[in-house]
Amino acid sequence: MEDILNMIISPLTGAFGVILAMIPIFVYLYLASLGNSVVEKSGILNLAIDGAYTLGVAVAYVMLVFVGESIRKLVVDPPQGLLIPTLALLITSLLIGLLGVLVAFLTTKLPISHGAIGLSIQFVGYGLASFLAYPVSLKVRTEMISLDTYRTVPEVVLTFLTLSIVIGVLMHLLIFRTKLGAAIRAVGENPAGASALGINVLKIRIVATFLGYVLIGFASSLSLLLHWKNWQEDSGMGYGWISFAISLSSGRHPIVGIITSMIFAILIRYAYVLQDILIVLWGISISPFIVYALPFTAAVFIPVVVTAIPPLRRRFAPPKYLGKIFFSEERSV
Amino acid sequence: MKTQSLFSSKEELSFLRPIISVRNLWKRFPGVEALKNVSLDIFSGEIHAILGENGAGKSTLLKILYGIYVPDKGDLFFEDRKVVITSPRDAVKNGLVLVSQVPQLIDSLTVAENLSLSLRQFGYMSNVKKVSKFLSEKEKEYGVRIDPDVEVWKLSYTQKQLVEILRALLLDAKVIAFDEATTLLPQTEKEKLYEFMKTFKDKGGTVLLVTHKIPEAMEVSDRVTVLRKGEVIGTVKTSETTIDQIRYMMFGERLTQLNSYGYGKLSSWEGSETLTVRNLWVKSDYGVYAVRGVSFSVRKGEILGVAGVAGNGQLELIQALAGLRRVERGIIKLRINGSEINVTNKGSTLIRRLGIGYIPDEPVKKGVSLDNTIEENVAVHPKLSKFLISWRNVKSLASNLVREFSIVTPSTSAKAKVLSGGNLMKVLVARELTVSKLALVAYNPTRGLDEVSAHYVRRLIVNKAVNEGMCAVIASEDLDEIMEMSDVIVVMNSGSIVGVFKSGASREEIERVMVS
Ligand SMILES: Nc1ncnc2c1ncn2[C@@H]1O[C@H](COP(=O)(O)OP(=O)(O)OP(=O)(O)O)[C@@H](O)[C@H]1O
Ligand SMILES: [Mg+2]
């Protein structure tokens, strides 16, 4: 037992270290999944998410360097610490939010499947990410620019943890307690009905995706600024899909998402440790590929279990109109 | 709701002032001209009925007024102002609210959440609880009792319609348009709705009423406009016209189909019982017993009518017979060519393959697939296609059905969703009557059909019983329909059969058992 414990703790220092290392992962996965949830509640199948995430990481990197340089140019005694990464964080969130507006517009106005639009934007996102960040990364290396990321210390990490939970609770209140939330759910369930009730479907979807993509932008920036601290080709790729899976397996519910995000964060951070535990305890060895697939297996498994329980089924059912093309002149009655 | 007429002295005057004027309206859909040069005045303070056969363009006209469709050409005037209405929101601003046959509410949202979407005085950030409190107060004022915090899917159809009307009132509607909103209501509720319309009119409101029941239009309306194939045939004062004149305006030469109607109901089929039900117990969606120990049998060539106030177990009984609802206790047996088959809980595919037609309660949701073509909707039936589909046969069958049932459609390869409400129902009924060799199980088989089509369908059912020995179990909220077709009528009340009548029994007596 001693061995195992040491093995878990060794890379860090004590139980607190274990948790501290997990928190940033939790924070960005949770925020991105929240973003995905609010987008999909409005009926838009969010297949662009991984592209948006990857692009967000790249934009945050570019912004970090750009903002850092500008400030150093302007100010003689450049401020250390929070200002530069926070500016990069906010600008990136806003830019990715605008990408969300584009997604809402295309999926609502064009008679093209959400899948086709989402995947196209995903690949544009991948391409644009490399196009923007690669030259900057060369520059950073040759000029040995130091990156002003957040420091992974308890104060900062816990602040973001608190912030993410507060955002989650606010999102819950927004979706389930306000008229805007009712409108978002309405356009996701039955856009024709919502429109007959007097809702402008496009407007509500734009608001929902803007909010959602701001969160996705925020999350992807954080994964760079608080966790990875550097950019390389493909940074962020796959994390959009993981958040997508988290959102799905939490039934797009902001509070339930806290738990599923936690599970995924543990799986991602400690899956390899789990691999070791299995070997030490029972001599079972599993392939690292299976370990890598664990989060995704969970993403399939959890919703299957949840929707098998009748009282939960209705609560956690996907929006009825999710991914369907909405023609405003089509029969609905 | 106690009200005094507010404008008795001004009546004549306001009657001359159109609140809505429609001028030279055109609307074209792929393959069909739905409205052709329609002009019409709706006067303030009148109940104006709009009649016409299935596919005449009534719903299209109302949807244009309500901003769901945009016209190709033509002008709209609200209170003499020229208006452009491109969304329901615009229509509401001008004082018009539409209540349609299918309530336009979001099932997964609560009543308060639904209505909040319409109420502009509540901003997007306002708490739904506030809306809910506001509603409770308003409901008291209007004498409506519906829990604002209940999710809409839990409401009965009548309650949903009430929510729609409440919405219209809360929006200060000057004009409420009803598109077949009364068709599915039980008689008592219908009368309440007429009462409401008259009160609303007495308060100065205007009502636009689309219906298939000519007597209903005669009873409540002040004027009637008839549409036919997208054109206005004429507008008449209700007090100066007759049912026959209106019928003629609606159907023209198709009316001969109505006159040649009459079924020599002389069933010559002897003896054997095709369908036997013993001590059937079935639960409702809410898990309580809706059918409690029902037993009956239907012989070859016999039509059994199931009467009753809506919600007394008829629906669950019909669904159980079609194999779509679990039988908790009891047995359902069929006799085919002398041999008996127990079909209790054997699933609907088997039942349909055996030659049983089924007309469900919500045709649009449960009977047809809107995104598929008429042909595909025919081909999907397990009796008509097994493993491979013969499209040639399906096509010719579909076009036969379209002709026989005078279904208004650009072609048999049109998607079902482009059809008018009544024509959609006809596709379903036509398919089911084709496959019902042994028996037909139906719930409101002629709902939404115009008079001529409804008669055609009833006659077809009776003829299939008389000539081919098909038996039928038909539940309907329209007692006249049941009395017209049935050999035997059973009345259901609280899940049990409380009365059995032979054809020719008096209406009063049946009604008495229904409500006792
Ligand atoms: N969204 C649509 N797309 C294509 N065609 C349509 C659409 N809505 C209606 N139509 C066509 O327009 C014509 C008029 O339809 P409408 O629904 O107005 O008829 P209706 O008078 O309401 O009939 P019903 O009594 O059957 O409800 C029909 O031929 C119908 O097929
Ligand atoms: Mg109609």
# chains A, B, ... in the order shown; residues from 1 in each chain; ligands from 1
$ interface_residues --of "chain B" --to "chain A" --cutoff "7 Å" --atoms "only C-alpha atoms" --output "CSV table (one decimal) with all heavy atoms, in the first residue's frame"
chain,number,residue,atom,x,y,z
B,68,ILE,N,-46.7,33.9,-39.5
B,68,ILE,CA,-45.9,32.7,-39.6
B,68,ILE,C,-45.5,32.5,-41.1
B,68,ILE,O,-44.4,32.1,-41.3
B,68,ILE,CB,-46.8,31.5,-39.1
B,68,ILE,CG1,-47.0,31.6,-37.6
B,68,ILE,CG2,-46.0,30.2,-39.4
B,68,ILE,CD1,-47.9,30.6,-37.0
B,69,TYR,N,-46.4,32.8,-42.0
B,69,TYR,CA,-46.1,32.8,-43.4
B,69,TYR,C,-46.0,34.3,-43.9
B,69,TYR,O,-46.8,35.1,-43.4
B,69,TYR,CB,-47.1,32.1,-44.3
B,69,TYR,CG,-47.2,30.6,-44.0
B,69,TYR,CD1,-48.3,29.9,-44.4
B,69,TYR,CD2,-46.1,29.9,-43.4
B,69,TYR,CE1,-48.4,28.5,-44.1
B,69,TYR,CE2,-46.2,28.5,-43.2
B,69,TYR,CZ,-47.4,27.9,-43.5
B,69,TYR,OH,-47.5,26.5,-43.3
B,88,PRO,N,-44.9,36.4,-35.6
B,88,PRO,CA,-46.0,36.5,-34.6
B,88,PRO,C,-46.0,37.7,-33.7
B,88,PRO,O,-47.0,38.3,-33.3
B,88,PRO,CB,-45.9,35.2,-33.8
B,88,PRO,CG,-45.2,34.3,-34.8
B,88,PRO,CD,-44.3,35.1,-35.6
B,89,ARG,N,-44.7,38.1,-33.4
B,89,ARG,CA,-44.5,39.2,-32.5
B,89,ARG,C,-45.2,40.5,-33.1
B,89,ARG,O,-45.9,41.3,-32.4
B,89,ARG,CB,-43.0,39.4,-32.4
B,89,ARG,CG,-42.6,40.6,-31.6
B,89,ARG,CD,-41.4,40.2,-30.8
B,89,ARG,NE,-41.8,40.2,-29.4
B,89,ARG,CZ,-41.0,39.8,-28.4
B,89,ARG,NH1,-39.8,39.4,-28.7
B,89,ARG,NH2,-41.5,39.9,-27.2
B,102,VAL,N,-53.3,22.5,-32.8
B,102,VAL,CA,-52.3,22.0,-32.1
B,102,VAL,C,-51.7,23.1,-31.2
B,102,VAL,O,-51.2,24.1,-31.7
B,102,VAL,CB,-51.2,21.4,-33.0
B,102,VAL,CG1,-50.0,20.8,-32.2
B,102,VAL,CG2,-51.7,20.4,-34.0
B,104,GLN,N,-49.6,25.7,-29.6
B,104,GLN,CA,-48.2,26.1,-29.8
B,104,GLN,C,-47.5,26.4,-28.5
B,104,GLN,O,-47.2,27.5,-28.2
B,104,GLN,CB,-48.2,27.2,-30.8
B,104,GLN,CG,-48.6,26.9,-32.2
B,104,GLN,CD,-47.6,26.0,-32.9
B,104,GLN,OE1,-46.5,26.4,-33.2
B,104,GLN,NE2,-48.0,24.7,-33.1
B,105,LEU,N,-47.3,25.4,-27.7
B,105,LEU,CA,-46.7,25.5,-26.4
B,105,LEU,C,-45.5,24.6,-26.4
B,105,LEU,O,-45.4,23.6,-27.1
B,105,LEU,CB,-47.6,25.2,-25.3
B,105,LEU,CG,-48.9,26.1,-25.2
B,105,LEU,CD1,-49.9,25.5,-24.2
B,105,LEU,CD2,-48.5,27.5,-24.8
B,106,ILE,N,-44.5,24.9,-25.5
B,106,ILE,CA,-43.3,24.1,-25.4
B,106,ILE,C,-43.6,23.1,-24.3
B,106,ILE,O,-43.7,23.5,-23.2
B,106,ILE,CB,-42.1,24.9,-25.1
B,106,ILE,CG1,-42.1,26.2,-25.9
B,106,ILE,CG2,-40.8,24.1,-25.3
B,106,ILE,CD1,-41.8,26.1,-27.4
B,113,GLU,N,-43.3,29.6,-17.7
B,113,GLU,CA,-42.2,29.8,-18.6
B,113,GLU,C,-42.7,30.1,-20.0
B,113,GLU,O,-42.2,31.0,-20.8
B,113,GLU,CB,-41.3,28.6,-18.6
B,113,GLU,CG,-40.4,28.6,-17.3
B,113,GLU,CD,-39.6,27.3,-17.2
B,113,GLU,OE1,-40.0,26.3,-17.9
B,113,GLU,OE2,-38.7,27.3,-16.4
B,116,SER,N,-44.3,33.5,-20.2
B,116,SER,CA,-43.3,34.6,-20.1
B,116,SER,C,-42.7,34.9,-21.5
B,116,SER,O,-42.4,36.1,-21.7
B,116,SER,CB,-42.2,34.1,-19.1
B,116,SER,OG,-41.3,33.3,-19.8
B,117,LEU,N,-42.6,33.9,-22.3
B,117,LEU,CA,-42.0,34.2,-23.6
B,117,LEU,C,-42.9,35.2,-24.4
B,117,LEU,O,-42.4,35.9,-25.3
B,117,LEU,CB,-41.9,32.9,-24.4
B,117,LEU,CG,-41.0,31.8,-23.8
B,117,LEU,CD1,-40.9,30.6,-24.7
B,117,LEU,CD2,-39.6,32.4,-23.4
B,118,SER,N,-44.1,35.2,-24.1
B,118,SER,CA,-45.0,36.2,-24.9
B,118,SER,C,-45.2,37.5,-24.2
B,118,SER,O,-45.5,38.5,-24.8
B,118,SER,CB,-46.4,35.5,-25.0
B,118,SER,OG,-46.4,34.4,-25.9
B,124,TYR,N,-35.9,39.9,-20.2
B,124,TYR,CA,-35.3,38.6,-20.3
B,124,TYR,C,-34.6,38.1,-19.0
B,124,TYR,O,-34.4,36.9,-18.8
B,124,TYR,CB,-34.2,38.6,-21.5
B,124,TYR,CG,-34.9,38.3,-22.8
B,124,TYR,CD1,-35.0,39.2,-23.8
B,124,TYR,CD2,-35.5,37.0,-23.0
B,124,TYR,CE1,-35.6,39.0,-25.0
B,124,TYR,CE2,-36.1,36.8,-24.2
B,124,TYR,CZ,-36.2,37.7,-25.2
B,124,TYR,OH,-36.8,37.4,-26.4
B,125,MET,N,-34.2,39.1,-18.2
B,125,MET,CA,-33.5,38.6,-17.0
B,125,MET,C,-34.5,38.4,-15.8
B,125,MET,O,-34.1,38.1,-14.7
B,125,MET,CB,-32.5,39.7,-16.6
B,125,MET,CG,-31.2,39.5,-17.4
B,125,MET,SD,-30.6,37.9,-17.2
B,125,MET,CE,-29.8,37.6,-18.8
B,126,SER,N,-35.8,38.6,-16.1
B,126,SER,CA,-36.7,38.5,-14.9
B,126,SER,C,-36.9,37.1,-14.5
B,126,SER,O,-36.8,36.1,-15.3
B,126,SER,CB,-38.0,39.2,-15.2
B,126,SER,OG,-38.5,38.9,-16.5
B,127,ASN,N,-37.2,36.9,-13.2
B,127,ASN,CA,-37.3,35.6,-12.7
B,127,ASN,C,-38.7,35.0,-13.0
B,127,ASN,O,-39.7,35.7,-13.0
B,127,ASN,CB,-37.2,35.8,-11.1
B,127,ASN,CG,-37.1,34.4,-10.4
B,127,ASN,OD1,-37.6,33.4,-10.9
B,127,ASN,ND2,-36.4,34.5,-9.3
B,128,VAL,N,-38.7,33.7,-13.4
B,128,VAL,CA,-39.9,33.1,-13.8
B,128,VAL,C,-40.9,33.0,-12.7
B,128,VAL,O,-42.1,33.0,-12.9
B,128,VAL,CB,-39.7,31.7,-14.3
B,128,VAL,CG1,-40.7,31.3,-15.4
B,128,VAL,CG2,-38.3,31.5,-14.9
B,417,LYS,N,-45.5,17.0,-44.7
B,417,LYS,CA,-45.6,18.3,-44.0
B,417,LYS,C,-46.2,19.4,-44.9
B,417,LYS,O,-46.5,20.4,-44.3
B,417,LYS,CB,-44.3,18.6,-43.3
B,417,LYS,CG,-43.2,19.0,-44.3
B,417,LYS,CD,-41.9,19.2,-43.5
B,417,LYS,CE,-40.7,19.1,-44.3
B,417,LYS,NZ,-39.5,18.9,-43.6
B,418,VAL,N,-46.2,19.2,-46.2
B,418,VAL,CA,-46.7,20.3,-47.0
B,418,VAL,C,-48.2,20.2,-47.1
B,418,VAL,O,-48.9,21.1,-47.7
B,418,VAL,CB,-46.1,20.4,-48.4
B,418,VAL,CG1,-44.6,20.4,-48.3
B,418,VAL,CG2,-46.6,19.3,-49.3
$ residues_around --residues "region 356-369 of chain B" --least-positions-apart "6" --cutoff "7 Å" --atoms "only C-alpha atoms" --output "list in words"
Ala322, Asn377, Ala416, Met425, Leu428, Val429, Glu432, Leu433, Val435, Ser436, Lys437, Leu438, Ala439, Leu440, Val441, Ala442, Tyr443, Asn444 and Pro445 of chain B
$ residues_near_ligand --ligand "ligand 2" --cutoff "10 Å" --atoms "only C-alpha atoms and all ligand atoms" --output "list of chain:residue names"
A:Val333, B:Gly52, B:Glu53, B:Asn54, B:Gly55, B:Ala56, B:Gly57, B:Lys58, B:Ser59, B:Thr60, B:Leu61, B:Leu62, B:Lys63, B:Ser100, B:Gln101, B:Asp179, B:Glu180, B:Val210, B:Thr211, B:His212, B:Leu419, B:Ser420, B:Gly421, B:Gly422, B:Asn423, B:Leu424, B:Gly448, B:Leu449
$ write_last_selection --atoms "C-alpha atoms" --output "short mmCIF file (atom, residue, chain, number, x, y, z; two decimals), in the first residue's frame"
data_model
loop_
_atom_site.label_atom_id
_atom_site.label_comp_id
_atom_site.auth_asym_id
_atom_site.auth_seq_id
_atom_site.Cartn_x
_atom_site.Cartn_y
_atom_site.Cartn_z
CA VAL A 333 -49.18 22.57 -36.56
CA GLY B 52 -63.88 25.74 -46.67
CA GLU B 53 -63.00 22.20 -47.63
CA ASN B 54 -59.68 20.60 -46.69
CA GLY B 55 -56.84 22.42 -48.36
CA ALA B 56 -58.93 25.50 -49.21
CA GLY B 57 -56.35 27.82 -47.67
CA LYS B 58 -57.93 28.70 -44.32
CA SER B 59 -54.90 27.94 -42.18
CA THR B 60 -52.63 29.66 -44.68
CA LEU B 61 -54.70 32.83 -44.41
CA LEU B 62 -54.59 32.77 -40.62
CA LYS B 63 -50.88 32.03 -40.57
CA SER B 100 -54.47 26.75 -33.31
CA GLN B 101 -55.64 23.16 -33.20
CA ASP B 179 -57.89 27.55 -36.25
CA GLU B 180 -59.99 24.45 -35.63
CA VAL B 210 -61.98 28.41 -38.70
CA THR B 211 -64.05 25.27 -38.35
CA HIS B 212 -65.38 22.30 -40.26
CA LEU B 419 -50.26 19.01 -46.74
CA SER B 420 -53.07 20.85 -45.04
CA GLY B 421 -54.24 19.43 -41.71
CA GLY B 422 -57.23 17.61 -43.18
CA ASN B 423 -55.32 16.18 -46.11
CA LEU B 424 -52.67 14.85 -43.79
CA GLY B 448 -60.16 17.55 -39.10
CA LEU B 449 -61.87 16.27 -42.24
#
$ residues_around --residues "region 25-36 of chain A" --least-positions-apart "5" --cutoff "8 Å" --atoms "only C-alpha atoms" --output "VMD selection string"
chain A and resid 46 49 160 to 161 164 168 171 209 211 to 220 222 to 223 227 239 to 240 242 to 247 252 254 257 to 258 261 to 262 264 to 265 269
$ atom_distance --atom1 "CA of Val232 (chain B)" --atom2 "CA of Pro18 (chain B)"
17.3 Å
$ residues_around --residues "Ile91 (chain A)" --least-positions-apart "4" --cutoff "10 Å" --atoms "only C-alpha atoms" --output "list in words"
Val59, Ala60, Met63, Leu64, Val67, Pro85, Thr86, Leu87, Leu95, Ile96, Gly97, Val214, Gly217, Phe218 and Ser221 of chain A
$ select_by_dssp --residues "region 189-414 of chain B" --states "strand (DSSP E)" --output "PyMOL selection string"
chain B and resi 206-210+223-228+231-237+273-283+289-299+303-307+327-336+339-342+356-359
$ closest_residue --among "A:Ser250, A:Tyr272, A:Leu312, A:Phe327" --to "ligand 1" --atoms "only C-alpha atoms and all ligand atoms"
A:Phe327
$ atom_distance --atom1 "CA of Tyr321 (chain A)" --atom2 "CA of Thr108 (chain A)"
11.7 Å
$ residues_around --residues "Leu258 (chain B)" --least-positions-apart "6" --cutoff "8 Å" --atoms "only C-alpha atoms" --output "list in words"
Val452, His455 and Tyr456 of chain B
$ write_last_selection --atoms "N, CA and C atoms" --output "mmCIF file, in the first residue's frame"
data_model
loop_
_atom_site.group_PDB
_atom_site.id
_atom_site.type_symbol
_atom_site.label_atom_id
_atom_site.label_comp_id
_atom_site.auth_asym_id
_atom_site.auth_seq_id
_atom_site.Cartn_x
_atom_site.Cartn_y
_atom_site.Cartn_z
ATOM 1 N N VAL B 452 -67.680 16.577 -46.437
ATOM 2 C CA VAL B 452 -67.798 15.600 -47.512
ATOM 3 C C VAL B 452 -66.794 14.463 -47.301
ATOM 4 N N HIS B 455 -67.876 12.222 -44.427
ATOM 5 C CA HIS B 455 -68.932 11.291 -44.840
ATOM 6 C C HIS B 455 -68.367 10.164 -45.684
ATOM 7 N N TYR B 456 -67.446 10.520 -46.546
ATOM 8 C CA TYR B 456 -66.841 9.513 -47.410
ATOM 9 C C TYR B 456 -66.158 8.446 -46.565
#
$ atom_distance --atom1 "CA of Val220 (chain B)" --atom2 "CA of Lys198 (chain B)"
7.6 Å
